[in-house]
Amino acid sequence: MKDAAFISQQVVSGEYYFLNLRPEKHSPGTVVCGGIEQCDPHYRIARNRFKFHSIEYVSAGQGELGVNGKRFPLRCGAVFYYSPTTRHEITTDPAQPLVKHFVDFCGSRFTRLLKKHPLASHEPCYFSPTPRIREIFTNLQQSGREAGLHTQNICACLLELLILQVAENALSPDDAESPAHHTYERCRQLITAQFIALHTLRDIGEACHINAPYLCRLFKRFSSESPYQMLIRLKMRHATDLLNGSPALIKQVAKATGFSDPYHFSRVFKKTYGVSPSAFLQSAHRTAPSEDAT
């Protein structure tokens, strides 16, 4: 289980995969190894150097990361990165030992993605409760242990996805715990639950009990889309599900997604996907133009 010298011995249990412990010196990109570890209550790792680049994710427990002379809390949802020259210390809370996933790698294919990345400072990023990051690490774990013909390429693609996903959704420690972010998350959940009944930015603000300008500022701070863009994205995604799932008329789909005017619905749909709803139907159902179900 602990075949590599850099794998910690201070774990209650661990499951690992090893793909290439001796990558070529100038490899464009290699996933070296990874795994998941249940740390023991006295877990403490202090390194001045490390052999590879590494990204770690805390899925349970609490602890602390020391890096660049600063200390940062580690808790569920924290992601952190260190390079071969990053001095770092990882400790666990004895009462709530860390459970953490990691992936070690080398090569410019990955390091270029980390330039100007939220992880580039080596300070942890934090995430709202979401399965996305954990799912990627789970997929890395499963793929790495299968050891198939294309395992290295599959894991390399998953690592790229991980780096991009962190960049897309990472929060600073202050933002993750701020009242503003809690309000933002509440608004996102409400839009997700009520998107069919909501029609305008004003509707969203009234449903969330905050004014529209502040709502827009929250989304600008924490998201890459505006609240109205999120609303339209959810409506259009639901529309594609309805169009693809049954031979419904477009006016019926428009009504089911909260549009009283089917022509307005069609314009929004085409602006979103580049094709009209009828053209989408032809493409999705492999129908001929004469079988258009408008």
# chains A, B, ... in the order shown; residues from 1 in each chain; ligands from 1

$ select_by_dssp --residues "stretch 69-235 of chain A" --states "strand (DSSP E or B)" --output "PyMOL selection string"
chain A and resi 70-74+78-82+88-93+96+99-106+125-126+171

$ residues_around --residues "stretch 8-18 of chain A" --least-positions-apart "4" --cutoff "12 Å" --atoms "only C-alpha atoms" --output "ChimeraX atom specification"
/A:1-4,22-23,30-47,90-92,97-105,137-147,151-152,155

$ write_last_selection --atoms "N, CA and C atoms" --output "short mmCIF file (atom, residue, chain, number, x, y, z; two decimals), in the first residue's frame"
data_model
loop_
_atom_site.label_atom_id
_atom_site.label_comp_id
_atom_site.auth_asym_id
_atom_site.auth_seq_id
_atom_site.Cartn_x
_atom_site.Cartn_y
_atom_site.Cartn_z
N MET A 1 0.82 -1.21 0.00
CA MET A 1 0.00 0.00 0.00
C MET A 1 0.85 1.25 0.00
N LYS A 2 1.94 1.25 0.78
CA LYS A 2 2.77 2.44 0.91
C LYS A 2 4.10 2.20 0.21
N ASP A 3 4.04 1.98 -1.10
CA ASP A 3 5.21 1.61 -1.88
C ASP A 3 6.14 2.78 -2.13
N ALA A 4 5.67 4.02 -2.01
CA ALA A 4 6.49 5.18 -2.32
C ALA A 4 6.93 5.85 -1.03
N ARG A 22 8.41 7.32 -11.69
CA ARG A 22 9.63 7.87 -12.27
C ARG A 22 9.33 8.48 -13.64
N PRO A 23 8.57 9.56 -13.66
CA PRO A 23 8.24 10.19 -14.95
C PRO A 23 9.49 10.78 -15.59
N THR A 30 2.36 14.30 -16.46
CA THR A 30 2.20 12.94 -15.97
C THR A 30 1.49 12.96 -14.63
N VAL A 31 0.44 12.15 -14.50
CA VAL A 31 -0.16 11.90 -13.19
C VAL A 31 0.67 10.81 -12.54
N VAL A 32 1.28 11.12 -11.41
CA VAL A 32 2.22 10.20 -10.77
C VAL A 32 1.49 9.18 -9.91
N CYS A 33 0.67 9.68 -9.00
CA CYS A 33 -0.05 8.80 -8.08
C CYS A 33 -1.13 9.60 -7.37
N GLY A 34 -1.89 8.96 -6.53
CA GLY A 34 -2.92 9.64 -5.77
C GLY A 34 -3.53 8.69 -4.77
N GLY A 35 -4.51 9.19 -4.05
CA GLY A 35 -5.16 8.31 -3.09
C GLY A 35 -6.05 9.06 -2.14
N ILE A 36 -6.55 8.33 -1.17
CA ILE A 36 -7.37 8.89 -0.10
C ILE A 36 -6.84 8.35 1.22
N GLU A 37 -6.71 9.24 2.21
CA GLU A 37 -6.13 8.86 3.49
C GLU A 37 -7.02 9.29 4.65
N GLN A 38 -7.19 8.39 5.60
CA GLN A 38 -7.78 8.71 6.90
C GLN A 38 -6.62 8.95 7.86
N CYS A 39 -6.39 10.20 8.23
CA CYS A 39 -5.24 10.55 9.06
C CYS A 39 -5.43 10.07 10.49
N ASP A 40 -4.32 9.70 11.13
CA ASP A 40 -4.43 9.35 12.55
C ASP A 40 -4.48 10.65 13.37
N PRO A 41 -4.88 10.58 14.65
CA PRO A 41 -5.09 11.81 15.43
C PRO A 41 -3.84 12.65 15.63
N HIS A 42 -2.66 12.10 15.41
CA HIS A 42 -1.43 12.85 15.61
C HIS A 42 -0.74 13.18 14.28
N TYR A 43 -1.49 13.15 13.21
CA TYR A 43 -0.93 13.39 11.88
C TYR A 43 -0.29 14.77 11.81
N ARG A 44 0.95 14.81 11.38
CA ARG A 44 1.66 16.06 11.13
C ARG A 44 2.74 15.82 10.09
N ILE A 45 2.66 16.56 8.99
CA ILE A 45 3.64 16.47 7.92
C ILE A 45 4.27 17.85 7.75
N ALA A 46 5.59 17.92 7.81
CA ALA A 46 6.30 19.18 7.58
C ALA A 46 7.38 18.93 6.54
N ARG A 47 7.30 19.63 5.42
CA ARG A 47 8.25 19.41 4.32
C ARG A 47 8.82 20.74 3.85
N ILE A 90 1.20 20.25 7.31
CA ILE A 90 -0.19 19.83 7.40
C ILE A 90 -0.39 19.12 8.72
N THR A 91 -1.34 19.59 9.53
CA THR A 91 -1.64 18.94 10.81
C THR A 91 -3.14 18.71 10.91
N THR A 92 -3.51 17.74 11.71
CA THR A 92 -4.92 17.43 11.89
C THR A 92 -5.38 17.82 13.28
N PRO A 97 -9.99 13.99 13.06
CA PRO A 97 -8.90 13.74 12.11
C PRO A 97 -9.32 13.95 10.66
N LEU A 98 -8.38 14.46 9.89
CA LEU A 98 -8.63 14.74 8.48
C LEU A 98 -8.84 13.46 7.68
N VAL A 99 -9.74 13.55 6.72
CA VAL A 99 -9.82 12.59 5.62
C VAL A 99 -9.55 13.41 4.36
N LYS A 100 -8.51 13.05 3.63
CA LYS A 100 -8.14 13.89 2.49
C LYS A 100 -7.75 13.04 1.28
N HIS A 101 -8.08 13.59 0.12
CA HIS A 101 -7.73 13.00 -1.16
C HIS A 101 -6.54 13.78 -1.72
N PHE A 102 -5.70 13.13 -2.50
CA PHE A 102 -4.59 13.86 -3.11
C PHE A 102 -4.28 13.27 -4.48
N VAL A 103 -3.67 14.11 -5.31
CA VAL A 103 -3.15 13.66 -6.60
C VAL A 103 -1.81 14.36 -6.80
N ASP A 104 -0.77 13.57 -7.11
CA ASP A 104 0.57 14.09 -7.37
C ASP A 104 0.84 14.04 -8.87
N PHE A 105 1.55 15.05 -9.37
CA PHE A 105 1.72 15.16 -10.82
C PHE A 105 2.93 16.01 -11.16
N PHE A 137 -12.22 13.62 -7.68
CA PHE A 137 -11.22 12.81 -6.97
C PHE A 137 -11.64 11.34 -6.92
N THR A 138 -12.93 11.08 -6.77
CA THR A 138 -13.42 9.70 -6.78
C THR A 138 -13.16 9.05 -8.13
N ASN A 139 -13.40 9.80 -9.21
CA ASN A 139 -13.14 9.27 -10.55
C ASN A 139 -11.64 9.03 -10.77
N LEU A 140 -10.81 9.94 -10.26
CA LEU A 140 -9.36 9.73 -10.33
C LEU A 140 -8.97 8.44 -9.61
N GLN A 141 -9.54 8.26 -8.43
CA GLN A 141 -9.24 7.07 -7.63
C GLN A 141 -9.64 5.79 -8.37
N GLN A 142 -10.84 5.77 -8.88
CA GLN A 142 -11.34 4.58 -9.58
C GLN A 142 -10.56 4.32 -10.86
N SER A 143 -10.31 5.37 -11.63
CA SER A 143 -9.58 5.20 -12.89
C SER A 143 -8.14 4.80 -12.64
N GLY A 144 -7.51 5.43 -11.64
CA GLY A 144 -6.12 5.12 -11.35
C GLY A 144 -5.91 3.69 -10.92
N ARG A 145 -6.86 3.12 -10.23
CA ARG A 145 -6.71 1.75 -9.73
C ARG A 145 -7.08 0.70 -10.78
N GLU A 146 -7.71 1.12 -11.87
CA GLU A 146 -8.05 0.16 -12.92
C GLU A 146 -6.84 -0.24 -13.76
N ALA A 147 -5.88 0.66 -13.88
CA ALA A 147 -4.62 0.36 -14.57
C ALA A 147 -4.85 -0.21 -15.97
N THR A 151 -5.33 4.51 -18.91
CA THR A 151 -5.48 5.07 -17.57
C THR A 151 -4.76 6.40 -17.40
N GLN A 152 -3.52 6.51 -17.88
CA GLN A 152 -2.76 7.74 -17.71
C GLN A 152 -3.47 8.91 -18.40
N CYS A 155 -6.69 9.85 -16.45
CA CYS A 155 -6.39 10.58 -15.22
C CYS A 155 -5.86 11.98 -15.52
#

$ closest_residue --among "A:Ala279, A:Leu215, A:Gly63, A:Lys70" --to "A:Pro94" --atoms "only C-alpha atoms"
A:Gly63

$ select_by_dssp --residues "stretch 39-144 of chain A" --states "helix (DSSP H, G or I)" --output "list in words"
Ser108, Arg109, Phe110, Thr111, Arg112, Leu113, Leu114, Arg132, Ile133, Arg134, Glu135, Ile136, Phe137, Thr138, Asn139, Leu140, Gln141, Gln142, Ser143 and Gly144 of chain A

$ closest_atom_pairs --of "stretch 207-275 of chain A" --to "stretch 176-194 of chain A" --cutoff "10 Å" --atoms "only C-alpha atoms" --output "JSON lines"
{"residue": "A:Ala207", "atom": "CA", "partner": "A:Leu190", "partner_atom": "CA", "distance": 7.8}
{"residue": "A:Cys208", "atom": "CA", "partner": "A:Cys187", "partner_atom": "CA", "distance": 5.8}
{"residue": "A:His209", "atom": "CA", "partner": "A:Cys187", "partner_atom": "CA", "distance": 9.2}
{"residue": "A:Ile210", "atom": "CA", "partner": "A:Cys187", "partner_atom": "CA", "distance": 9.3}
{"residue": "A:Leu215", "atom": "CA", "partner": "A:Tyr184", "partner_atom": "CA", "distance": 7.8}
{"residue": "A:Cys216", "atom": "CA", "partner": "A:Tyr184", "partner_atom": "CA", "distance": 9.8}
{"residue": "A:Arg217", "atom": "CA", "partner": "A:Tyr184", "partner_atom": "CA", "distance": 9.7}
{"residue": "A:Leu218", "atom": "CA", "partner": "A:Tyr184", "partner_atom": "CA", "distance": 6.0}
{"residue": "A:Phe219", "atom": "CA", "partner": "A:Tyr184", "partner_atom": "CA", "distance": 7.0}
{"residue": "A:Arg221", "atom": "CA", "partner": "A:His181", "partner_atom": "CA", "distance": 8.9}
{"residue": "A:Phe222", "atom": "CA", "partner": "A:His181", "partner_atom": "CA", "distance": 7.3}
{"residue": "A:Ser223", "atom": "CA", "partner": "A:Tyr184", "partner_atom": "CA", "distance": 9.2}
{"residue": "A:Pro227", "atom": "CA", "partner": "A:Arg188", "partner_atom": "CA", "distance": 8.0}
{"residue": "A:Tyr228", "atom": "CA", "partner": "A:Ile191", "partner_atom": "CA", "distance": 9.5}
{"residue": "A:Met230", "atom": "CA", "partner": "A:Ile191", "partner_atom": "CA", "distance": 8.0}
{"residue": "A:Leu231", "atom": "CA", "partner": "A:Ile191", "partner_atom": "CA", "distance": 6.6}
{"residue": "A:Leu234", "atom": "CA", "partner": "A:Thr192", "partner_atom": "CA", "distance": 7.3}
{"residue": "A:Lys235", "atom": "CA", "partner": "A:Thr192", "partner_atom": "CA", "distance": 9.7}

$ closest_residue --among "A:Ala239, A:Leu65, A:Val58, A:Leu281" --to "A:Phe265" --atoms "only C-alpha atoms"
A:Ala239

$ residues_around --residues "A:Leu113" --least-positions-apart "6" --cutoff "10 Å" --atoms "only C-alpha atoms" --output "PyMOL selection string"
chain A and resi 120+160+163-164+167

$ residues_around --residues "A:Ser276" --least-positions-apart "4" --cutoff "8 Å" --atoms "only C-alpha atoms" --output "list in words"
Ser266, Arg267, Phe269, Lys270 and Phe280 of chain A

$ write_last_selection --atoms "N, CA and C atoms" --output "PDB file, in the first residue's frame"
ATOM      1  N   SER A 266     -38.954  31.092 -28.331  1.00  0.00           N
ATOM      2  CA  SER A 266     -38.132  30.636 -29.457  1.00  0.00           C
ATOM      3  C   SER A 266     -36.917  31.536 -29.665  1.00  0.00           C
ATOM      4  N   ARG A 267     -37.108  32.855 -29.499  1.00  0.00           N
ATOM      5  CA  ARG A 267     -35.986  33.782 -29.664  1.00  0.00           C
ATOM      6  C   ARG A 267     -34.924  33.558 -28.588  1.00  0.00           C
ATOM      7  N   PHE A 269     -34.465  30.780 -26.865  1.00  0.00           N
ATOM      8  CA  PHE A 269     -33.873  29.467 -27.095  1.00  0.00           C
ATOM      9  C   PHE A 269     -32.793  29.543 -28.168  1.00  0.00           C
ATOM     10  N   LYS A 270     -33.080  30.239 -29.273  1.00  0.00           N
ATOM     11  CA  LYS A 270     -32.105  30.345 -30.353  1.00  0.00           C
ATOM     12  C   LYS A 270     -30.886  31.156 -29.921  1.00  0.00           C
ATOM     13  N   PHE A 280     -33.808  22.261 -33.204  1.00  0.00           N
ATOM     14  CA  PHE A 280     -33.320  21.373 -32.147  1.00  0.00           C
ATOM     15  C   PHE A 280     -34.064  20.046 -32.184  1.00  0.00           C
TER      16      PHE A 280
END

$ atom_distance --atom1 "atom CA of A:Cys157" --atom2 "atom CA of A:Pro28"
13.2 Å

$ closest_residue --among "A:Glu225, A:Asp241, A:Glu123, A:Asp93" --to "A:Arg71" --atoms "only C-alpha atoms"
A:Glu123

$ atom_distance --atom1 "atom CA of A:Gly29" --atom2 "atom CA of A:Ser108"
6.0 Å

$ residues_around --residues "stretch 251-264 of chain A" --least-positions-apart "6" --cutoff "8 Å" --atoms "only C-alpha atoms" --output "list in words"
Ile196, Ala197, Leu198, His199, Lys235, Met236, His238, Ala239, Leu242, Leu243 and Thr294 of chain A

$ write_last_selection --atoms "N, CA and C atoms" --output "PDB file, in the first residue's frame"
ATOM      1  N   ILE A 196     -39.166  28.052 -12.862  1.00  0.00           N
ATOM      2  CA  ILE A 196     -40.287  28.062 -13.809  1.00  0.00           C
ATOM      3  C   ILE A 196     -41.235  29.222 -13.497  1.00  0.00           C
ATOM      4  N   ALA A 197     -41.451  29.486 -12.217  1.00  0.00           N
ATOM      5  CA  ALA A 197     -42.401  30.537 -11.827  1.00  0.00           C
ATOM      6  C   ALA A 197     -41.804  31.929 -11.915  1.00  0.00           C
ATOM      7  N   LEU A 198     -40.475  32.032 -11.960  1.00  0.00           N
ATOM      8  CA  LEU A 198     -39.818  33.336 -12.003  1.00  0.00           C
ATOM      9  C   LEU A 198     -39.638  33.777 -13.453  1.00  0.00           C
ATOM     10  N   HIS A 199     -39.783  35.082 -13.702  1.00  0.00           N
ATOM     11  CA  HIS A 199     -39.709  35.577 -15.083  1.00  0.00           C
ATOM     12  C   HIS A 199     -38.702  36.715 -15.271  1.00  0.00           C
ATOM     13  N   LYS A 235     -34.116  27.616 -17.311  1.00  0.00           N
ATOM     14  CA  LYS A 235     -35.311  27.480 -18.137  1.00  0.00           C
ATOM     15  C   LYS A 235     -34.989  26.771 -19.457  1.00  0.00           C
ATOM     16  N   MET A 236     -33.894  27.172 -20.096  1.00  0.00           N
ATOM     17  CA  MET A 236     -33.544  26.579 -21.382  1.00  0.00           C
ATOM     18  C   MET A 236     -33.084  25.125 -21.232  1.00  0.00           C
ATOM     19  N   HIS A 238     -34.235  23.096 -18.987  1.00  0.00           N
ATOM     20  CA  HIS A 238     -35.491  22.365 -18.806  1.00  0.00           C
ATOM     21  C   HIS A 238     -36.216  22.210 -20.141  1.00  0.00           C
ATOM     22  N   ALA A 239     -36.140  23.246 -20.980  1.00  0.00           N
ATOM     23  CA  ALA A 239     -36.783  23.181 -22.299  1.00  0.00           C
ATOM     24  C   ALA A 239     -36.170  22.070 -23.149  1.00  0.00           C
ATOM     25  N   LEU A 242     -37.473  18.754 -22.039  1.00  0.00           N
ATOM     26  CA  LEU A 242     -38.847  18.516 -22.495  1.00  0.00           C
ATOM     27  C   LEU A 242     -38.892  18.219 -23.989  1.00  0.00           C
ATOM     28  N   LEU A 243     -38.138  18.968 -24.787  1.00  0.00           N
ATOM     29  CA  LEU A 243     -38.132  18.759 -26.236  1.00  0.00           C
ATOM     30  C   LEU A 243     -37.521  17.409 -26.597  1.00  0.00           C
ATOM     31  N   THR A 294     -43.433  21.642 -34.952  1.00  0.00           N
ATOM     32  CA  THR A 294     -43.766  22.930 -34.323  1.00  0.00           C
ATOM     33  C   THR A 294     -45.244  23.043 -34.086  1.00  0.00           C
TER      34      THR A 294
END

$ residues_around --residues "A:Lys51" --least-positions-apart "2" --cutoff "9 Å" --atoms "only C-alpha atoms" --output "ChimeraX atom specification"
/A:6,49,53,83-85,104

$ atom_distance --atom1 "atom CA of A:Cys125" --atom2 "atom CA of A:Ile154"
24.8 Å
